[in-house]
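A.B. asks: Below is a structure I'd like to ask you about.
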Amino acid sequence: MILFRNILLLFLLLALPSYSSYSQNNLQSQHNTTLLVKEATKLMIDGKHEESLIKSRLALKESIILKNNNLIASCYNTIAANFDQLTEFEKAFFYYKKGLIYAEKTNNNILKNWLNNNIANIYCFDKKEYNKGIYYYKKSLSYCDKTKDSSQIVFTKLNITWAYFDIGKFNEGLPYLNFINKYHPIHGGSNTTVALNMLNGMYQNHQNNSEKAIYYFEKAITFGEKNDDKSDLSFTHLEYSKFLSKIKNYKKALENLIRYNDLTTEINNEDKIKKANVAGINLELDEYKREIDTIETKYKTNEQLMIERQMKNKRISIIIISSLIIIIILLYFFIQNTQLKQKNKLKDIQSKIQRNIINASINGQELERKKIASFLHDNISALLSSADMHLSVLNSKINPHPEELIKTKAILRDAHDKVRDLSHELIPSLLTRFGLFYALKDLCEKNSNSNLNFEYISLEHTKKRYDEDFEMKMYFMITELLNNIIKHSHASQAKLNLTEKQEELFIKVIDNGQGFDTKKFNIIEGFGLNQIRARIKNMEGKIQIKSDLNSGTMITIQVPIEYKKD
């Protein structure tokens with residue numbers, strides 16, 4: 001496993017002495033403590049974990065007394081590495097993190113690189129938190145760039161590639177893989193050859209390039225068996241098994257899966273043996289952790305403790321103040337939102353009242369139209385016809401016919417015609433006799449002239465009938481829209497389109513006139529668009545007005561149809 005190799009390389013790295021930051025009067029103590037760290041590292045490499053931990057504890061105690069952040073970080077790293085090899089990953093993670101805190105206070109970019117890399121390994125391989133792992137790998141890579149360590153750059157980019165490929169983000173991992181393929185022959189090592197070939201096989205699998213995928217997987221297996229690299233070899237068998245299952249070579253896939261399980265079992269058995277060799281140490285790990293924490297706390301100065309308390313109090317104060325500010329802001333927005341809701345509710349009520357007033361007014365007008373038209377037709381018109389008939393009888397008995405009688409009769413007939421026309425204007429006879437479509441077609445023909453042509457378009461039968469009140473409402477609304485075109489639009493062409501679909505009537509009134517600014521538009525004389533809007537909304541319909549200056553106007557209406565009741 002790459003994690004294990006990283007640790008070994010790190011210990012070799014930390015074995016190098018460093019005194020650059022030590023003061024002269026503490027040189028001997030620094031030297032002795034450094035030797036302790038080196039001894040602890042060597043013991044860990046030799047698998048003598050209990051002895052290594054004891055040495056590390058002593059080195060940590062001395063390092064804290066010396067206040068040497070570089071040595072403290074190195075001690076924590078060695079402690080973490082011991083736990084790492086004992087597969088106590090949570091404890092290893094804890095001490096890697098503590099080591100990184102002290103390493104960040106130094107200029108030791110090499111140490112910061114390895115600590116970040118090892119933390120990333122635990123995130124990816126053990127915790128399976130790949131996004132966090134990739135974050136720490138990239139931090140590690142930034143320190144590699146600072147130290148200009150080409151082999152470490154290749155090594156870290158290989159880890160990043162593996163992390164991305166493990167979560168299926170091949171496009172993100174590809175640039176890193178291309179870099180490794182280019183520079184691995186120059187700066188890479190044999191200990192990463194298996195992993196590199198496996199990653200190439202995984203990418204070719206993703207690209208569905210079976211021939212190349214087989215080539216790389218087989219190459220990785222051959223090299224892994226030759227060098228007895230069980231960890232990376234086991235992963236290779238697992239990925240190869242997935243690929244073979246994908247191409248339906250189930251027999252060979254099973255063989256590789258069995259090999260993966262065998263290798264995993266071998267690795268686990270080796271770990272058990274390793275733990276058995278340090279019998280009893282696992283029972284003391286938590287106590288050891290507490291002891292290490294005690295060593296660190298014991299040698300902190302009063303000033304450090306005071307600073308920590310001050311920082312803690314400061315954080316608490318910031319949290320309290322922030323909480324109060326957030327509460328005030330939330331309260332403010334709550335009050336504003338409540339007031340806004342109340343205003344909107346009031347506006348809705350006012351709008352509803354206004355619509356009801358408009359609709360009541362329109363309904364009253366329509367009712368009065370029907371009453372007056374009925375009265376004129378059934379009473380006045382009948383009386384005038386009766387009077388004309390009596391005068392005709394009287395006129396036939398008197399010879400010669402008096403001029404006054406002839407004039408009176410002409411006046412009566414003229415009055416009768418005017419009353420009939422008025423009655424038809426109030427309630428068009430074509431509407432009551434033949435229905436909405438017929439009446440609107442006739443209306444378009446009557447309003448057309450040499451200056452303005454109204455085109456009637458509808459696939460519905462002209463004698464199709466709806467509920468009488470519904471037809472009357474729609475007729476007068478459309479009449480008002482056509483009158484607006486005649487009065488205000490200065491158009492030469494206009495269209496009225498009627499369509500029935502899914503028990504709804506769709507109406508389009510289009511003209512090529514001068515148009516108007518819908519944002520500034522408020523109300524038109526007479527029945528008006530605002531009244532039409534109110535009426536359509538009351539009928540649970542929709543109206544849409546599209547118009548721009550010098551671009552004409554299109555009004556679309558959609559209303560549920562009220563059919564004639566049987």
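Ligands are numbered from 1 in the order shown, residues from 1 within each chain, and chains are lettered A, B, ... in the order they appear in the structure tokens.
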Check segment 485-531 of chain A with DSSP on the backbone and list each residue it calls helix (DSSP H, G or I), as a list in words.
C.D. replies: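 Restricting segment 485-531 of chain A to helix (DSSP H, G or I) produces Ile485, Ile486, Lys487, His488, Ser489, Leu529, Asn530 and Gln531 of chain A.
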A.B. asks: Limited to all heavy atoms, could you put the picked residues into a file as a short mmCIF file (atom, residue, chain, number, x, y, z; two decimals), in the first residue's frame?
C.D. replies:
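Result saved to out24.cif:
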data_model
loop_
_atom_site.label_atom_id
_atom_site.label_comp_id
_atom_site.auth_asym_id
_atom_site.auth_seq_id
_atom_site.Cartn_x
_atom_site.Cartn_y
_atom_site.Cartn_z
N ILE A 485 -59.12 48.91 -31.44
CA ILE A 485 -58.31 48.91 -32.67
C ILE A 485 -58.76 50.02 -33.60
O ILE A 485 -57.95 50.77 -34.16
CB ILE A 485 -58.40 47.53 -33.37
CG1 ILE A 485 -57.73 46.46 -32.50
CG2 ILE A 485 -57.74 47.58 -34.75
CD1 ILE A 485 -57.91 45.06 -33.03
N ILE A 486 -60.09 50.17 -33.78
CA ILE A 486 -60.64 51.20 -34.68
C ILE A 486 -60.29 52.59 -34.18
O ILE A 486 -59.89 53.48 -34.95
CB ILE A 486 -62.17 51.02 -34.81
CG1 ILE A 486 -62.49 49.69 -35.49
CG2 ILE A 486 -62.79 52.18 -35.58
CD1 ILE A 486 -63.95 49.29 -35.41
N LYS A 487 -60.41 52.82 -32.86
CA LYS A 487 -60.24 54.16 -32.30
C LYS A 487 -58.79 54.56 -32.13
O LYS A 487 -58.42 55.71 -32.36
CB LYS A 487 -60.94 54.24 -30.94
CG LYS A 487 -62.45 54.17 -31.01
CD LYS A 487 -63.02 54.21 -29.60
CE LYS A 487 -64.53 54.05 -29.59
NZ LYS A 487 -65.07 54.05 -28.22
N HIS A 488 -57.94 53.62 -31.68
CA HIS A 488 -56.63 54.02 -31.19
C HIS A 488 -55.44 53.47 -31.96
O HIS A 488 -54.34 54.01 -31.86
CB HIS A 488 -56.47 53.57 -29.72
CG HIS A 488 -57.57 54.02 -28.82
ND1 HIS A 488 -57.79 55.35 -28.51
CD2 HIS A 488 -58.53 53.30 -28.16
CE1 HIS A 488 -58.84 55.44 -27.69
NE2 HIS A 488 -59.31 54.21 -27.47
N SER A 489 -55.58 52.38 -32.71
CA SER A 489 -54.40 51.67 -33.20
C SER A 489 -53.79 52.24 -34.47
O SER A 489 -52.62 52.06 -34.74
CB SER A 489 -54.74 50.19 -33.43
OG SER A 489 -55.56 50.06 -34.57
N LEU A 529 -59.33 47.80 -21.04
CA LEU A 529 -58.60 46.56 -20.82
C LEU A 529 -58.59 46.17 -19.35
O LEU A 529 -58.58 44.98 -19.03
CB LEU A 529 -57.18 46.69 -21.35
CG LEU A 529 -57.02 46.68 -22.87
CD1 LEU A 529 -55.56 46.76 -23.23
CD2 LEU A 529 -57.62 45.42 -23.48
N ASN A 530 -58.55 47.15 -18.46
CA ASN A 530 -58.57 46.80 -17.04
C ASN A 530 -59.86 46.09 -16.66
O ASN A 530 -59.87 45.13 -15.89
CB ASN A 530 -58.42 48.06 -16.17
CG ASN A 530 -56.97 48.50 -16.08
OD1 ASN A 530 -56.07 47.73 -16.42
ND2 ASN A 530 -56.74 49.72 -15.65
N GLN A 531 -60.98 46.58 -17.23
CA GLN A 531 -62.25 45.91 -16.97
C GLN A 531 -62.28 44.52 -17.59
O GLN A 531 -62.83 43.58 -17.01
CB GLN A 531 -63.42 46.76 -17.51
CG GLN A 531 -63.67 48.02 -16.71
CD GLN A 531 -62.85 49.20 -17.19
OE1 GLN A 531 -61.84 49.01 -17.86
NE2 GLN A 531 -63.27 50.40 -16.84
#
A.B. asks: Under the rule of at most 9 Å, produce a per-residue listing of segment 119-170 of chain A near segment 191-197 of chain A: chain, number, name, the closest pair of atoms, and the distance in Å, as a Markdown table, using only C-alpha atoms.
C.D. replies:
| residue | atom | partner | partner_atom | distance |
| --- | --- | --- | --- | --- |
| A:Phe155 | CA | A:Thr192 | CA | 7.7 |
| A:Leu158 | CA | A:Leu196 | CA | 7.2 |
| A:Trp162 | CA | A:Ala195 | CA | 8.4 |
A.B. asks: Please provide the set of residues having any atom within 10 Å of Leu60 of chain A, restricted to only C-alpha atoms, with same-chain residues fewer than 6 positions apart removed, written as a list in words.
C.D. replies: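 Those residues are Thr33, Leu36, Val37, Ile54, Leu66, Asn68, Leu71, Ile72, Ala73, Ser74, Cys75, Tyr76, Ile79, Ile292, Ile295 and Glu296 of chain A.
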A.B. asks: Please extract the residues of segment 497-564 of chain A with a backbone DSSP assignment of strand (DSSP E or B) and present them as a list in words.
C.D. replies: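 Taking segment 497-564 of chain A and keeping strand (DSSP E or B) only, one gets Asn497, Leu498, Thr499, Glu500, Lys501, Glu504, Leu505, Phe506, Ile507, Lys508, Val509, Ile510, Asp511, Lys542, Ile543, Gln544, Ile545, Lys546, Ser547, Thr553, Met554, Ile555, Thr556, Ile557, Gln558, Val559 and Pro560 of chain A.
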A.B. asks: Residues at most 10 Å from Lys157 of chain A, counting only C-alpha atoms, excluding those fewer than 4 positions away in the same chain, as a compact mmCIF listing (two decimals) with C-alpha atoms, in the first residue's frame?
C.D. replies:
# COMPACT_ATOMS: atom_id res chain seq x y z
CA TYR A 137 -2.78 15.61 -1.09
CA LYS A 138 -2.87 18.97 -2.89
CA SER A 140 1.31 18.09 0.20
CA LEU A 141 1.89 18.78 -3.49
CA GLN A 152 7.92 13.50 -4.44
CA ILE A 153 5.88 15.50 -6.96
CA THR A 161 -4.78 10.22 -9.44
CA TRP A 162 -5.66 7.12 -7.44
CA ALA A 163 -8.05 9.11 -5.20
CA GLY A 173 -7.46 12.61 -12.44
CA PRO A 175 -3.99 15.48 -16.04
CA TYR A 176 -2.14 14.00 -13.06
CA LEU A 177 -1.90 10.59 -14.75
CA ASN A 178 -0.47 12.16 -17.92
CA PHE A 179 2.14 13.94 -15.81
CA ILE A 180 3.15 10.70 -14.05
A.B. asks: Calculate how many Å separate atom CA of Tyr215 of chain A from atom CA of Lys230 of chain A, rounding to one decimal.
C.D. replies: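 Separation of atom CA of Tyr215 of chain A and atom CA of Lys230 of chain A: 19.7 Å.
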A.B. asks: I'd like the contact shell of segment 451-457 of chain A - 12 Å cut-off, only C-alpha atoms, skipping same-chain residues fewer than 2 positions apart - returned as a PyMOL selection string.
C.D. replies: chain A and resi 437-449+459-462+482-483+485-487+489-499+506-513
A.B. asks: So which one's closest to Thr147 of chain A, A:Ile267, A:Cys124, A:Leu111, A:Met198? Using only C-alpha atoms, please.
C.D. replies: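 Of A:Ile267, A:Cys124, A:Leu111, A:Met198, the one nearest Thr147 of chain A is A:Leu111, counting only C-alpha atoms.
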A.B. asks: Atom CA of Phe83 of chain A and atom CA of Leu53 of chain A, how far apart in Å?
C.D. replies: 9.1 Å
A.B. asks: Would you mind listing what lies within 12 Å of Lys546 of chain A as a PyMOL selection string, with only C-alpha atoms counted and same-chain residues fewer than 6 positions away left out?
C.D. replies: chain A and resi 508-511+515-519+521+552-557
A.B. asks: Would you mind listing what lies within 12 Å of Asn131 of chain A as a PDB file with N, CA, C and O atoms, in the first residue's frame, with only C-alpha atoms counted and same-chain residues fewer than 2 positions away left out?
C.D. replies:
ATOM      1  N   ALA A 120      -3.729  12.582   4.286  1.00  0.00           N
ATOM      2  CA  ALA A 120      -4.533  12.323   3.088  1.00  0.00           C
ATOM      3  C   ALA A 120      -4.724  10.826   2.870  1.00  0.00           C
ATOM      4  O   ALA A 120      -5.808  10.368   2.493  1.00  0.00           O
ATOM      5  N   ASN A 121      -3.657  10.042   3.114  1.00  0.00           N
ATOM      6  CA  ASN A 121      -3.758   8.582   2.961  1.00  0.00           C
ATOM      7  C   ASN A 121      -4.850   8.003   3.852  1.00  0.00           C
ATOM      8  O   ASN A 121      -5.643   7.166   3.434  1.00  0.00           O
ATOM      9  N   TYR A 123      -7.435   9.607   5.160  1.00  0.00           N
ATOM     10  CA  TYR A 123      -8.748  10.057   4.671  1.00  0.00           C
ATOM     11  C   TYR A 123      -9.224   9.181   3.506  1.00  0.00           C
ATOM     12  O   TYR A 123     -10.390   8.787   3.447  1.00  0.00           O
ATOM     13  N   CYS A 124      -8.325   8.869   2.562  1.00  0.00           N
ATOM     14  CA  CYS A 124      -8.725   8.140   1.352  1.00  0.00           C
ATOM     15  C   CYS A 124      -8.827   6.642   1.575  1.00  0.00           C
ATOM     16  O   CYS A 124      -9.831   6.021   1.227  1.00  0.00           O
ATOM     17  N   LYS A 127     -10.749   6.206   5.944  1.00  0.00           N
ATOM     18  CA  LYS A 127     -12.008   6.889   6.205  1.00  0.00           C
ATOM     19  C   LYS A 127     -12.910   6.971   4.970  1.00  0.00           C
ATOM     20  O   LYS A 127     -14.097   7.233   5.087  1.00  0.00           O
ATOM     21  N   LYS A 128     -12.332   6.780   3.788  1.00  0.00           N
ATOM     22  CA  LYS A 128     -13.060   6.874   2.509  1.00  0.00           C
ATOM     23  C   LYS A 128     -13.696   8.262   2.330  1.00  0.00           C
ATOM     24  O   LYS A 128     -14.735   8.411   1.707  1.00  0.00           O
ATOM     25  N   GLU A 129     -13.051   9.291   2.889  1.00  0.00           N
ATOM     26  CA  GLU A 129     -13.494  10.674   2.703  1.00  0.00           C
ATOM     27  C   GLU A 129     -12.580  11.299   1.655  1.00  0.00           C
ATOM     28  O   GLU A 129     -11.626  12.020   1.975  1.00  0.00           O
ATOM     29  N   GLY A 133      -9.345  13.944   1.565  1.00  0.00           N
ATOM     30  CA  GLY A 133      -8.043  13.362   1.241  1.00  0.00           C
ATOM     31  C   GLY A 133      -7.366  14.096   0.102  1.00  0.00           C
ATOM     32  O   GLY A 133      -6.167  14.412   0.164  1.00  0.00           O
ATOM     33  N   ILE A 134      -8.128  14.398  -0.942  1.00  0.00           N
ATOM     34  CA  ILE A 134      -7.571  15.111  -2.104  1.00  0.00           C
ATOM     35  C   ILE A 134      -7.099  16.508  -1.691  1.00  0.00           C
ATOM     36  O   ILE A 134      -6.065  16.996  -2.161  1.00  0.00           O
ATOM     37  N   TYR A 135      -7.847  17.141  -0.770  1.00  0.00           N
ATOM     38  CA  TYR A 135      -7.438  18.470  -0.270  1.00  0.00           C
ATOM     39  C   TYR A 135      -6.042  18.409   0.361  1.00  0.00           C
ATOM     40  O   TYR A 135      -5.174  19.241   0.073  1.00  0.00           O
ATOM     41  N   TYR A 136      -5.815  17.395   1.220  1.00  0.00           N
ATOM     42  CA  TYR A 136      -4.514  17.278   1.886  1.00  0.00           C
ATOM     43  C   TYR A 136      -3.419  16.819   0.920  1.00  0.00           C
ATOM     44  O   TYR A 136      -2.260  17.223   1.057  1.00  0.00           O
ATOM     45  N   TYR A 137      -3.773  15.982  -0.068  1.00  0.00           N
ATOM     46  CA  TYR A 137      -2.783  15.615  -1.091  1.00  0.00           C
ATOM     47  C   TYR A 137      -2.312  16.865  -1.839  1.00  0.00           C
ATOM     48  O   TYR A 137      -1.121  17.023  -2.129  1.00  0.00           O
ATOM     49  N   LYS A 138      -3.236  17.756  -2.141  1.00  0.00           N
ATOM     50  CA  LYS A 138      -2.872  18.971  -2.888  1.00  0.00           C
ATOM     51  C   LYS A 138      -2.028  19.907  -2.021  1.00  0.00           C
ATOM     52  O   LYS A 138      -1.145  20.612  -2.531  1.00  0.00           O
ATOM     53  N   ILE A 160      -2.947  11.387  -5.848  1.00  0.00           N
ATOM     54  CA  ILE A 160      -4.114  12.195  -6.243  1.00  0.00           C
ATOM     55  C   ILE A 160      -4.882  11.487  -7.364  1.00  0.00           C
ATOM     56  O   ILE A 160      -6.122  11.426  -7.355  1.00  0.00           O
ATOM     57  N   ALA A 163      -6.873   8.630  -5.943  1.00  0.00           N
ATOM     58  CA  ALA A 163      -8.050   9.114  -5.204  1.00  0.00           C
ATOM     59  C   ALA A 163      -9.177   9.498  -6.165  1.00  0.00           C
ATOM     60  O   ALA A 163     -10.341   9.140  -5.958  1.00  0.00           O
ATOM     61  N   TYR A 164      -8.834  10.257  -7.206  1.00  0.00           N
ATOM     62  CA  TYR A 164      -9.850  10.663  -8.182  1.00  0.00           C
ATOM     63  C   TYR A 164     -10.459   9.450  -8.896  1.00  0.00           C
ATOM     64  O   TYR A 164     -11.676   9.365  -9.080  1.00  0.00           O
ATOM     65  N   ASP A 166     -10.664   6.398  -7.830  1.00  0.00           N
ATOM     66  CA  ASP A 166     -11.461   5.592  -6.901  1.00  0.00           C
ATOM     67  C   ASP A 166     -12.902   6.077  -6.810  1.00  0.00           C
ATOM     68  O   ASP A 166     -13.811   5.287  -6.564  1.00  0.00           O
ATOM     69  N   ILE A 167     -13.110   7.387  -6.982  1.00  0.00           N
ATOM     70  CA  ILE A 167     -14.482   7.934  -6.903  1.00  0.00           C
ATOM     71  C   ILE A 167     -15.046   8.226  -8.286  1.00  0.00           C
ATOM     72  O   ILE A 167     -16.045   8.934  -8.419  1.00  0.00           O
ATOM     73  N   LYS A 169     -13.902  10.006 -10.798  1.00  0.00           N
ATOM     74  CA  LYS A 169     -13.658  11.313 -11.419  1.00  0.00           C
ATOM     75  C   LYS A 169     -12.423  11.222 -12.321  1.00  0.00           C
ATOM     76  O   LYS A 169     -11.365  11.768 -12.031  1.00  0.00           O
TER      77      LYS A 169
END
A.B. asks: Please report the interatomic distance between atom CA of Arg465 of chain A and atom CA of Pro560 of chain A in Å with one decimal.
C.D. replies: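 Separation of atom CA of Arg465 of chain A and atom CA of Pro560 of chain A: 14.4 Å.
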